[in-house]
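In what follows, a structure is listed as structure tokens, so that the remarks can point back to it.
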Amino acid sequence: MKFYKSVRPAAAAVALIAPGIPKNLDVSSSPSIQSIAKTIAAGAMAYYPGDATHFVDLPDPYYWWETGALFGAMVDYSHYTGDHSYDPTIATAILAQAGPSFDYMLPKHYGDEGNDDQAFWGFAVMAAAESNFPQPNTTMPSWLDMSENIWNSLASRWDMSACNGGMLWQIFASNPNGLTYKNSVSNGGFFQLSARLARATGNSTYADWATKVWDWSKGVGLLDGDYNVYDGTNINDNCTTINHQTFSYSQGIYLYGAAVMANSSRTADDQLSWTKHTEGLLKASGSFFTPYPNATDIMYEHACELGGTCNTDMRSFKGYLSRFMSRSARLVPSIAQDVNTILSMSARGAGFACTGGASGTTCGQKWYMGGFDGTVGLGEEMCALETIHGLLAKDATPPFKGDDIQTIRSFSS
Ligand SMILES: *[C@@H]1O[C@H](CO)[C@@H](O)[C@H](O)[C@H]1NC(C)=O
Ligand SMILES: *[C@@H]1O[C@H](CO)[C@@H](O)[C@H](O)[C@H]1NC(C)=O
């Protein structure tokens, strides 16, 4: 067993920071960002019915995958802000969903678990490994071992029976629609986890797979020449037709995979091309900013937000674009300045949108309105949280790798 190495600067001082008022966000001040993230983290966690000792599924209308997304966001919250007050609840929740094979295949959710859902839990488990998040349960594997289990489970479903490869959206016959559809979230999720495991472990199997999934995604047209990420393609015509819908989170998922590859490339040529891919994916993410006419360069979900048709899932997507943009900036110096500038503007917009409800701090959806738009939910809280606390990523310890990833068994105070 290795010893715990403190990774959070001034954690004790940070814990004393009081919750702040989102509309007062000062994006140039870490204490301001921390205090407002604290308010919004409480807003998000208010939706979660479990606690430090019991896992409880999120109530309807939230699907199981979004619980994984929430705790992925909370692992980052803990790491970026140094506020460890939720750590026991986070660890209990993530460990509770590991399943009998410790790979996040959960019999209870066989009716609704798709490859993308498993990948979203994978993002949370991987983030826990990369930040040496406490893992107090000695009867269970480490975060990194479970990340590798998830990867092996996903890899076993790489499907050569149509489209020369790729992963289907769904796993079980109870979800027949997704059994003919190869989507960017599942394949991008597998790509990103491959890249993160390549960097974390140095095992070249993962880097080879990351390249293979990337090449397949490009070849089939889920990624176009301008680095737009499209939603999916159907095996019924051997993936010759692409569904050209685009969502912010798919863009973010591929972006971070490319950024991790750029940061851990084995050759100078590889580093050059993955950096180019990262910059291209970032540029293409511009389609998720700047709605008219109220604001400029504010993040929005272009497929549904202006028309007010975002479903429950979609209302959380922007958060993952933010999560993966700020993580990418931490690993690829050439995009750091641009990401900080663009996310700062969205964070400010989110702050003005988090002015609803009895508390005056409930988050709305449309950040470009300059105020609260009345649309509330867990997704709205998570999007604001990830965008705001992501501003701290540039000063946080970068994701650990190799021997710096430790088997931590206890909580820090
Ligand atoms: C690399 O990772 C793969 C997939 O998890 C595993 O099968 C293989 O044993 C690993 N290789 C080494 C040298 O650890
Ligand atoms: C990888 O990321 C680290 C942490 O931010 C950074 O110090 C390093 O320069 C990056 N490496 C490359 C090759 O970009």
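Letters A, B, ... mark the chains of the structure tokens in the order given; residue numbers begin at 1 per chain; ligand numbers begin at 1, in order shown.
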Skip range 286-290 of chain A itself and residues of its chain fewer than 2 positions away, then list as a list in words all residues within 8 Å of it, counting only C-alpha atoms.
-> Ser248, Leu282, Lys283, Ala284, Tyr292, Ala295, Thr296, Asp297, Ile298, Met299, Tyr300, Glu301 and His302 of chain A
Could you write out that same residue set with N, CA and C atoms as a tab-separated table (two decimals), in the first residue's frame?
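Result written to result.tsv:
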```tsv
chain	number	residue	atom	x	y	z
A	248	SER	N	-23.10	19.09	-27.83
A	248	SER	CA	-21.87	19.63	-27.24
A	248	SER	C	-21.04	18.54	-26.56
A	282	LEU	N	-11.39	21.79	-30.86
A	282	LEU	CA	-11.74	22.99	-30.10
A	282	LEU	C	-12.39	24.03	-31.01
A	283	LYS	N	-11.79	24.22	-32.17
A	283	LYS	CA	-12.33	25.20	-33.12
A	283	LYS	C	-13.76	24.82	-33.51
A	284	ALA	N	-13.98	23.53	-33.78
A	284	ALA	CA	-15.32	23.09	-34.17
A	284	ALA	C	-16.32	23.25	-33.03
A	292	TYR	N	-27.63	34.23	-30.81
A	292	TYR	CA	-28.04	35.61	-31.04
A	292	TYR	C	-29.19	35.94	-30.09
A	295	ALA	N	-26.10	37.93	-26.63
A	295	ALA	CA	-24.76	37.78	-26.08
A	295	ALA	C	-23.83	37.27	-27.16
A	296	THR	N	-22.55	37.30	-26.85
A	296	THR	CA	-21.59	36.68	-27.76
A	296	THR	C	-20.75	35.68	-27.00
A	297	ASP	N	-20.38	34.61	-27.68
A	297	ASP	CA	-19.46	33.62	-27.12
A	297	ASP	C	-19.91	33.04	-25.79
A	298	ILE	N	-21.17	32.71	-25.71
A	298	ILE	CA	-21.68	32.01	-24.53
A	298	ILE	C	-22.10	30.61	-24.99
A	299	MET	N	-21.80	29.62	-24.18
A	299	MET	CA	-22.10	28.25	-24.56
A	299	MET	C	-23.62	27.99	-24.56
A	300	TYR	N	-24.08	27.28	-25.57
A	300	TYR	CA	-25.47	26.85	-25.59
A	300	TYR	C	-25.59	25.55	-26.38
A	301	GLU	N	-26.67	24.82	-26.13
A	301	GLU	CA	-26.87	23.54	-26.81
A	301	GLU	C	-27.64	23.83	-28.08
A	302	HIS	N	-26.94	23.93	-29.19
A	302	HIS	CA	-27.59	24.51	-30.38
A	302	HIS	C	-28.70	23.64	-30.96
```
Strand (DSSP E) call set, DSSP backbone run, range 108-348 of chain A, as JSON, numbers by chain | {"A": [181, 182, 183, 232, 233, 234, 242, 243]}
Export of prior selection with all heavy atoms as a PDB file, in the first residue's frame:
```pdb
ATOM      1  N   TYR A 181     -27.449   1.105 -34.125  1.00  0.00           N
ATOM      2  CA  TYR A 181     -26.913   2.466 -34.211  1.00  0.00           C
ATOM      3  C   TYR A 181     -25.527   2.531 -33.565  1.00  0.00           C
ATOM      4  O   TYR A 181     -25.347   2.123 -32.420  1.00  0.00           O
ATOM      5  CB  TYR A 181     -27.875   3.398 -33.475  1.00  0.00           C
ATOM      6  CG  TYR A 181     -27.712   4.877 -33.732  1.00  0.00           C
ATOM      7  CD1 TYR A 181     -27.823   5.405 -35.003  1.00  0.00           C
ATOM      8  CD2 TYR A 181     -27.476   5.757 -32.677  1.00  0.00           C
ATOM      9  CE1 TYR A 181     -27.699   6.774 -35.220  1.00  0.00           C
ATOM     10  CE2 TYR A 181     -27.356   7.120 -32.884  1.00  0.00           C
ATOM     11  CZ  TYR A 181     -27.472   7.625 -34.168  1.00  0.00           C
ATOM     12  OH  TYR A 181     -27.359   8.984 -34.376  1.00  0.00           O
ATOM     13  N   LYS A 182     -24.551   3.023 -34.326  1.00  0.00           N
ATOM     14  CA  LYS A 182     -23.210   3.233 -33.769  1.00  0.00           C
ATOM     15  C   LYS A 182     -23.047   4.730 -33.526  1.00  0.00           C
ATOM     16  O   LYS A 182     -23.056   5.522 -34.471  1.00  0.00           O
ATOM     17  CB  LYS A 182     -22.142   2.666 -34.708  1.00  0.00           C
ATOM     18  CG  LYS A 182     -22.274   1.136 -34.822  1.00  0.00           C
ATOM     19  CD  LYS A 182     -21.104   0.427 -35.470  1.00  0.00           C
ATOM     20  CE  LYS A 182     -21.287  -1.097 -35.292  1.00  0.00           C
ATOM     21  NZ  LYS A 182     -20.248  -1.905 -35.965  1.00  0.00           N
ATOM     22  N   ASN A 183     -22.948   5.107 -32.267  1.00  0.00           N
ATOM     23  CA  ASN A 183     -23.026   6.542 -31.956  1.00  0.00           C
ATOM     24  C   ASN A 183     -21.702   7.103 -31.461  1.00  0.00           C
ATOM     25  O   ASN A 183     -20.802   6.384 -31.034  1.00  0.00           O
ATOM     26  CB  ASN A 183     -24.165   6.814 -30.960  1.00  0.00           C
ATOM     27  CG  ASN A 183     -23.936   6.174 -29.600  1.00  0.00           C
ATOM     28  OD1 ASN A 183     -23.171   5.220 -29.474  1.00  0.00           O
ATOM     29  ND2 ASN A 183     -24.599   6.692 -28.593  1.00  0.00           N
ATOM     30  N   GLY A 232     -24.342   9.897 -34.944  1.00  0.00           N
ATOM     31  CA  GLY A 232     -24.257   8.446 -35.113  1.00  0.00           C
ATOM     32  C   GLY A 232     -24.567   8.013 -36.536  1.00  0.00           C
ATOM     33  O   GLY A 232     -24.818   8.834 -37.426  1.00  0.00           O
ATOM     34  N   THR A 233     -24.548   6.707 -36.715  1.00  0.00           N
ATOM     35  CA  THR A 233     -24.754   6.130 -38.037  1.00  0.00           C
ATOM     36  C   THR A 233     -25.313   4.717 -37.867  1.00  0.00           C
ATOM     37  O   THR A 233     -25.102   4.091 -36.833  1.00  0.00           O
ATOM     38  CB  THR A 233     -23.429   6.139 -38.841  1.00  0.00           C
ATOM     39  OG1 THR A 233     -23.648   5.607 -40.146  1.00  0.00           O
ATOM     40  CG2 THR A 233     -22.345   5.323 -38.142  1.00  0.00           C
ATOM     41  N   ASN A 234     -26.057   4.263 -38.883  1.00  0.00           N
ATOM     42  CA  ASN A 234     -26.809   3.018 -38.720  1.00  0.00           C
ATOM     43  C   ASN A 234     -26.187   1.852 -39.473  1.00  0.00           C
ATOM     44  O   ASN A 234     -25.744   2.010 -40.617  1.00  0.00           O
ATOM     45  CB  ASN A 234     -28.251   3.245 -39.200  1.00  0.00           C
ATOM     46  CG  ASN A 234     -29.204   2.305 -38.512  1.00  0.00           C
ATOM     47  OD1 ASN A 234     -29.182   1.096 -38.768  1.00  0.00           O
ATOM     48  ND2 ASN A 234     -30.033   2.840 -37.636  1.00  0.00           N
ATOM     49  N   ILE A 242     -24.976   9.269 -42.323  1.00  0.00           N
ATOM     50  CA  ILE A 242     -24.654   9.826 -41.013  1.00  0.00           C
ATOM     51  C   ILE A 242     -25.824  10.661 -40.506  1.00  0.00           C
ATOM     52  O   ILE A 242     -26.420  11.432 -41.262  1.00  0.00           O
ATOM     53  CB  ILE A 242     -23.398  10.734 -41.119  1.00  0.00           C
ATOM     54  CG1 ILE A 242     -22.185   9.931 -41.600  1.00  0.00           C
ATOM     55  CG2 ILE A 242     -23.103  11.442 -39.808  1.00  0.00           C
ATOM     56  CD1 ILE A 242     -21.655   8.932 -40.604  1.00  0.00           C
ATOM     57  N   ASN A 243     -26.156  10.496 -39.229  1.00  0.00           N
ATOM     58  CA  ASN A 243     -27.100  11.409 -38.586  1.00  0.00           C
ATOM     59  C   ASN A 243     -26.311  12.653 -38.187  1.00  0.00           C
ATOM     60  O   ASN A 243     -25.477  12.613 -37.285  1.00  0.00           O
ATOM     61  CB  ASN A 243     -27.701  10.730 -37.349  1.00  0.00           C
ATOM     62  CG  ASN A 243     -28.530  11.693 -36.511  1.00  0.00           C
ATOM     63  OD1 ASN A 243     -28.714  12.860 -36.868  1.00  0.00           O
ATOM     64  ND2 ASN A 243     -29.029  11.218 -35.395  1.00  0.00           N
TER      65      ASN A 243
END
```
DSSP on the backbone: what in range 91-331 of chain A comes out alpha helix (DSSP H), as an NGL selection string?
-> :A and (91-96 or 115-130 or 143-155 or 184-201 or 204-220 or 248-263 or 268-284 or 317-331)
Taking C-alpha atoms for each residue, export the selection above as an mmCIF file, in the first residue's frame.
```cif
data_model
loop_
_atom_site.group_PDB
_atom_site.id
_atom_site.type_symbol
_atom_site.label_atom_id
_atom_site.label_comp_id
_atom_site.auth_asym_id
_atom_site.auth_seq_id
_atom_site.Cartn_x
_atom_site.Cartn_y
_atom_site.Cartn_z
ATOM 1 C CA ALA A 91 -17.047 7.505 -2.878
ATOM 2 C CA THR A 92 -20.057 5.602 -1.535
ATOM 3 C CA ALA A 93 -22.064 6.356 -4.664
ATOM 4 C CA ILE A 94 -19.377 5.437 -7.182
ATOM 5 C CA LEU A 95 -18.383 2.260 -5.340
ATOM 6 C CA ALA A 96 -22.026 1.194 -4.984
ATOM 7 C CA ASN A 115 -22.148 1.531 -23.832
ATOM 8 C CA ASP A 116 -22.320 5.297 -23.406
ATOM 9 C CA ASP A 117 -23.785 4.934 -19.906
ATOM 10 C CA GLN A 118 -20.962 2.638 -18.873
ATOM 11 C CA ALA A 119 -18.500 5.105 -20.393
ATOM 12 C CA PHE A 120 -19.966 7.961 -18.329
ATOM 13 C CA TRP A 121 -19.445 6.009 -15.117
ATOM 14 C CA GLY A 122 -16.008 5.239 -16.529
ATOM 15 C CA PHE A 123 -15.250 8.970 -16.754
ATOM 16 C CA ALA A 124 -16.067 9.281 -13.031
ATOM 17 C CA VAL A 125 -13.979 6.270 -11.999
ATOM 18 C CA MET A 126 -11.071 7.374 -14.182
ATOM 19 C CA ALA A 127 -11.225 10.915 -12.757
ATOM 20 C CA ALA A 128 -11.090 9.401 -9.274
ATOM 21 C CA ALA A 129 -7.964 7.443 -10.247
ATOM 22 C CA GLU A 130 -6.334 10.502 -11.832
ATOM 23 C CA TRP A 143 -10.134 3.199 -9.138
ATOM 24 C CA LEU A 144 -7.513 2.501 -11.779
ATOM 25 C CA ASP A 145 -8.139 -1.254 -11.757
ATOM 26 C CA MET A 146 -11.864 -0.650 -12.124
ATOM 27 C CA SER A 147 -11.209 1.795 -14.982
ATOM 28 C CA GLU A 148 -9.302 -0.965 -16.741
ATOM 29 C CA ASN A 149 -12.176 -3.387 -16.090
ATOM 30 C CA ILE A 150 -14.601 -0.923 -17.667
ATOM 31 C CA TRP A 151 -12.296 -0.569 -20.644
ATOM 32 C CA ASN A 152 -12.036 -4.333 -21.121
ATOM 33 C CA SER A 153 -15.799 -4.660 -20.897
ATOM 34 C CA LEU A 154 -16.246 -1.966 -23.579
ATOM 35 C CA ALA A 155 -13.467 -3.418 -25.744
ATOM 36 C CA SER A 184 -20.334 9.071 -31.215
ATOM 37 C CA VAL A 185 -20.867 9.115 -27.457
ATOM 38 C CA SER A 186 -20.199 5.376 -27.095
ATOM 39 C CA ASN A 187 -17.277 5.359 -29.510
ATOM 40 C CA GLY A 188 -15.954 8.688 -28.271
ATOM 41 C CA GLY A 189 -16.280 7.469 -24.694
ATOM 42 C CA PHE A 190 -14.266 4.375 -25.527
ATOM 43 C CA PHE A 191 -11.735 6.522 -27.399
ATOM 44 C CA GLN A 192 -11.353 8.895 -24.474
ATOM 45 C CA LEU A 193 -11.019 6.138 -21.869
ATOM 46 C CA SER A 194 -8.433 4.431 -24.078
ATOM 47 C CA ALA A 195 -6.435 7.663 -24.245
ATOM 48 C CA ARG A 196 -6.677 8.299 -20.491
ATOM 49 C CA LEU A 197 -5.604 4.750 -19.669
ATOM 50 C CA ALA A 198 -2.737 5.014 -22.150
ATOM 51 C CA ARG A 199 -1.507 8.120 -20.362
ATOM 52 C CA ALA A 200 -2.171 6.777 -16.875
ATOM 53 C CA THR A 201 -0.593 3.355 -17.333
ATOM 54 C CA SER A 204 0.566 0.722 -25.368
ATOM 55 C CA THR A 205 -2.523 -1.459 -25.872
ATOM 56 C CA TYR A 206 -4.625 1.539 -24.859
ATOM 57 C CA ALA A 207 -2.827 3.987 -27.141
ATOM 58 C CA ASP A 208 -3.198 1.575 -30.060
ATOM 59 C CA TRP A 209 -6.917 1.299 -29.376
ATOM 60 C CA ALA A 210 -7.324 5.059 -29.050
ATOM 61 C CA THR A 211 -5.800 5.429 -32.506
ATOM 62 C CA LYS A 212 -7.971 2.638 -33.856
ATOM 63 C CA VAL A 213 -11.217 4.135 -32.526
ATOM 64 C CA TRP A 214 -10.220 7.580 -33.783
ATOM 65 C CA ASP A 215 -9.426 6.230 -37.246
ATOM 66 C CA TRP A 216 -12.685 4.320 -37.361
ATOM 67 C CA SER A 217 -14.666 7.396 -36.275
ATOM 68 C CA LYS A 218 -13.047 9.478 -39.012
ATOM 69 C CA GLY A 219 -13.315 6.780 -41.613
ATOM 70 C CA VAL A 220 -17.011 6.217 -41.083
ATOM 71 C CA SER A 248 -21.866 19.625 -27.244
ATOM 72 C CA TYR A 249 -20.886 16.640 -25.140
ATOM 73 C CA SER A 250 -19.819 14.451 -28.069
ATOM 74 C CA GLN A 251 -17.536 17.260 -29.232
ATOM 75 C CA GLY A 252 -16.097 17.519 -25.719
ATOM 76 C CA ILE A 253 -15.602 13.782 -25.353
ATOM 77 C CA TYR A 254 -13.488 13.502 -28.506
ATOM 78 C CA LEU A 255 -11.702 16.759 -27.657
ATOM 79 C CA TYR A 256 -10.422 15.477 -24.348
ATOM 80 C CA GLY A 257 -9.394 12.127 -25.807
ATOM 81 C CA ALA A 258 -7.309 13.926 -28.422
ATOM 82 C CA ALA A 259 -5.841 16.260 -25.788
ATOM 83 C CA VAL A 260 -4.770 13.336 -23.618
ATOM 84 C CA MET A 261 -3.155 11.691 -26.643
ATOM 85 C CA ALA A 262 -1.345 14.942 -27.445
ATOM 86 C CA ASN A 263 -0.065 15.083 -23.892
ATOM 87 C CA ALA A 268 7.063 13.987 -31.958
ATOM 88 C CA ASP A 269 4.996 13.247 -35.066
ATOM 89 C CA ASP A 270 2.189 11.804 -32.979
ATOM 90 C CA GLN A 271 2.284 14.771 -30.666
ATOM 91 C CA LEU A 272 2.032 17.134 -33.615
ATOM 92 C CA SER A 273 -0.937 15.373 -35.150
ATOM 93 C CA TRP A 274 -2.842 14.906 -31.868
ATOM 94 C CA THR A 275 -2.248 18.567 -31.041
ATOM 95 C CA LYS A 276 -3.638 19.475 -34.447
ATOM 96 C CA HIS A 277 -6.669 17.251 -33.805
ATOM 97 C CA THR A 278 -7.166 18.887 -30.394
ATOM 98 C CA GLU A 279 -7.012 22.374 -31.867
ATOM 99 C CA GLY A 280 -9.397 21.359 -34.645
ATOM 100 C CA LEU A 281 -11.916 19.864 -32.234
ATOM 101 C CA LEU A 282 -11.741 22.993 -30.095
ATOM 102 C CA LYS A 283 -12.332 25.200 -33.118
ATOM 103 C CA ALA A 284 -15.323 23.093 -34.170
ATOM 104 C CA PHE A 317 -24.675 18.185 -21.988
ATOM 105 C CA LYS A 318 -22.972 21.582 -21.842
ATOM 106 C CA GLY A 319 -21.460 20.600 -18.515
ATOM 107 C CA TYR A 320 -19.464 17.822 -20.152
ATOM 108 C CA LEU A 321 -18.213 20.107 -22.915
ATOM 109 C CA SER A 322 -16.995 22.444 -20.165
ATOM 110 C CA ARG A 323 -15.504 19.575 -18.168
ATOM 111 C CA PHE A 324 -13.536 18.293 -21.112
ATOM 112 C CA MET A 325 -12.518 21.729 -22.419
ATOM 113 C CA SER A 326 -10.951 22.733 -19.122
ATOM 114 C CA ARG A 327 -9.296 19.331 -18.747
ATOM 115 C CA SER A 328 -7.957 19.597 -22.314
ATOM 116 C CA ALA A 329 -6.531 23.040 -21.647
ATOM 117 C CA ARG A 330 -4.648 21.654 -18.651
ATOM 118 C CA LEU A 331 -2.858 19.156 -20.886
#
```
If you count only C-alpha atoms, which residues fall within 9 Å of range 21-24 of chain A, apart from same-chain ones fewer than 2 positions away, as a list in words?
-> Pro19, Asp26, Ser32, Ile33, Ser35, Ile36, Ala37, Thr39, Ile40, Arg348, Gly349, Ala350, Gly351, Phe352, Ala353, Cys354, Thr355, Gly360, Thr361, Cys363 and Gly371 of chain A
With N, CA, C and O atoms retained, write the just-selected residues as a tab-separated table (two decimals), in the first residue's frame.
```
chain	number	residue	atom	x	y	z
A	19	PRO	N	-20.19	29.83	0.99
A	19	PRO	CA	-20.87	29.83	-0.32
A	19	PRO	C	-21.06	31.27	-0.83
A	19	PRO	O	-21.38	32.16	-0.05
A	26	ASP	N	-16.30	36.46	-9.85
A	26	ASP	CA	-15.12	37.14	-10.40
A	26	ASP	C	-14.21	36.04	-10.96
A	26	ASP	O	-13.55	35.33	-10.20
A	32	SER	N	-13.26	33.50	-5.23
A	32	SER	CA	-14.61	33.78	-5.74
A	32	SER	C	-15.16	32.55	-6.48
A	32	SER	O	-16.29	32.13	-6.25
A	33	ILE	N	-14.33	31.96	-7.32
A	33	ILE	CA	-14.77	30.77	-8.08
A	33	ILE	C	-15.11	29.63	-7.11
A	33	ILE	O	-16.15	28.97	-7.24
A	35	SER	N	-16.04	29.80	-3.98
A	35	SER	CA	-17.22	30.05	-3.14
A	35	SER	C	-18.50	29.86	-3.95
A	35	SER	O	-19.50	29.35	-3.44
A	36	ILE	N	-18.44	30.22	-5.22
A	36	ILE	CA	-19.64	30.09	-6.05
A	36	ILE	C	-19.83	28.64	-6.48
A	36	ILE	O	-20.96	28.13	-6.52
A	37	ALA	N	-18.74	27.96	-6.75
A	37	ALA	CA	-18.85	26.52	-7.03
A	37	ALA	C	-19.47	25.81	-5.84
A	37	ALA	O	-20.28	24.88	-6.00
A	39	THR	N	-21.68	26.95	-3.72
A	39	THR	CA	-23.14	27.19	-3.75
A	39	THR	C	-23.82	26.28	-4.77
A	39	THR	O	-24.85	25.66	-4.49
A	40	ILE	N	-23.21	26.19	-5.94
A	40	ILE	CA	-23.87	25.44	-7.02
A	40	ILE	C	-23.71	23.93	-6.79
A	40	ILE	O	-24.62	23.15	-7.12
A	348	ARG	N	-19.37	33.43	-16.54
A	348	ARG	CA	-20.03	34.67	-16.10
A	348	ARG	C	-21.51	34.62	-16.48
A	348	ARG	O	-22.38	34.97	-15.69
A	349	GLY	N	-21.77	34.16	-17.71
A	349	GLY	CA	-23.17	34.02	-18.14
A	349	GLY	C	-23.93	33.06	-17.24
A	349	GLY	O	-25.08	33.32	-16.86
A	350	ALA	N	-23.28	31.95	-16.89
A	350	ALA	CA	-23.92	30.97	-16.00
A	350	ALA	C	-24.20	31.61	-14.64
A	350	ALA	O	-25.26	31.39	-14.04
A	351	GLY	N	-23.26	32.41	-14.16
A	351	GLY	CA	-23.45	33.08	-12.87
A	351	GLY	C	-24.72	33.95	-12.88
A	351	GLY	O	-25.53	33.89	-11.96
A	352	PHE	N	-24.90	34.70	-13.96
A	352	PHE	CA	-26.10	35.55	-14.06
A	352	PHE	C	-27.37	34.71	-14.20
A	352	PHE	O	-28.45	35.14	-13.82
A	353	ALA	N	-27.21	33.49	-14.75
A	353	ALA	CA	-28.38	32.61	-14.91
A	353	ALA	C	-28.73	31.90	-13.62
A	353	ALA	O	-29.83	31.36	-13.48
A	354	CYS	N	-27.79	31.84	-12.68
A	354	CYS	CA	-28.04	31.16	-11.40
A	354	CYS	C	-28.56	32.15	-10.37
A	354	CYS	O	-27.93	32.41	-9.33
A	355	THR	N	-29.70	32.74	-10.68
A	355	THR	CA	-30.27	33.77	-9.81
A	355	THR	C	-31.75	33.51	-9.56
A	355	THR	O	-32.51	34.42	-9.26
A	360	GLY	N	-32.45	32.43	-4.61
A	360	GLY	CA	-31.83	33.41	-5.50
A	360	GLY	C	-30.55	32.89	-6.12
A	360	GLY	O	-29.80	33.65	-6.74
A	361	THR	N	-30.29	31.58	-5.99
A	361	THR	CA	-29.06	31.01	-6.57
A	361	THR	C	-29.35	29.78	-7.42
A	361	THR	O	-28.43	29.06	-7.81
A	363	CYS	N	-29.99	27.68	-10.67
A	363	CYS	CA	-29.47	27.93	-12.02
A	363	CYS	C	-30.53	27.72	-13.10
A	363	CYS	O	-31.31	26.76	-13.04
A	371	GLY	N	-29.66	36.61	-17.41
A	371	GLY	CA	-30.44	36.46	-16.18
A	371	GLY	C	-31.04	35.07	-16.10
A	371	GLY	O	-30.71	34.20	-16.91
```
Give one line per residue of range 350-395 of chain A that approaches range 62-68 of chain A to at most 10 Å, naming the two atoms of the closest pair and their distance in Å to one decimal, counting only C-alpha atoms; sort by chain then ascending residue number and deliver it as CSV.
```
residue,atom,partner,partner_atom,distance
A:Gly377,CA,A:Tyr62,CA,9.8
A:Leu378,CA,A:Tyr62,CA,8.4
A:Gly379,CA,A:Glu66,CA,8.7
```
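If only C-alpha atoms and all ligand atoms are the atoms counted, then among A:Gln245, A:Asn175, A:Ser334, A:Ser156 the closest residue to ligand 2 is A:Ser334.
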Computed interatomic separation between CA of Gly356 in chain A and CA of Gly370 in chain A (Å) =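 Between CA of Gly356 in chain A and CA of Gly370 in chain A the gap works out to 12.3 Å.
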Could you jot down the atom 3 (C, counted along the ligand's line) of ligand 2 to CA of Ser265 in chain A separation for me, Å, one decimal place?
->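 About the pair atom 3 (C, counted along the ligand's line) of ligand 2 and CA of Ser265 in chain A: they are 12.1 Å apart.
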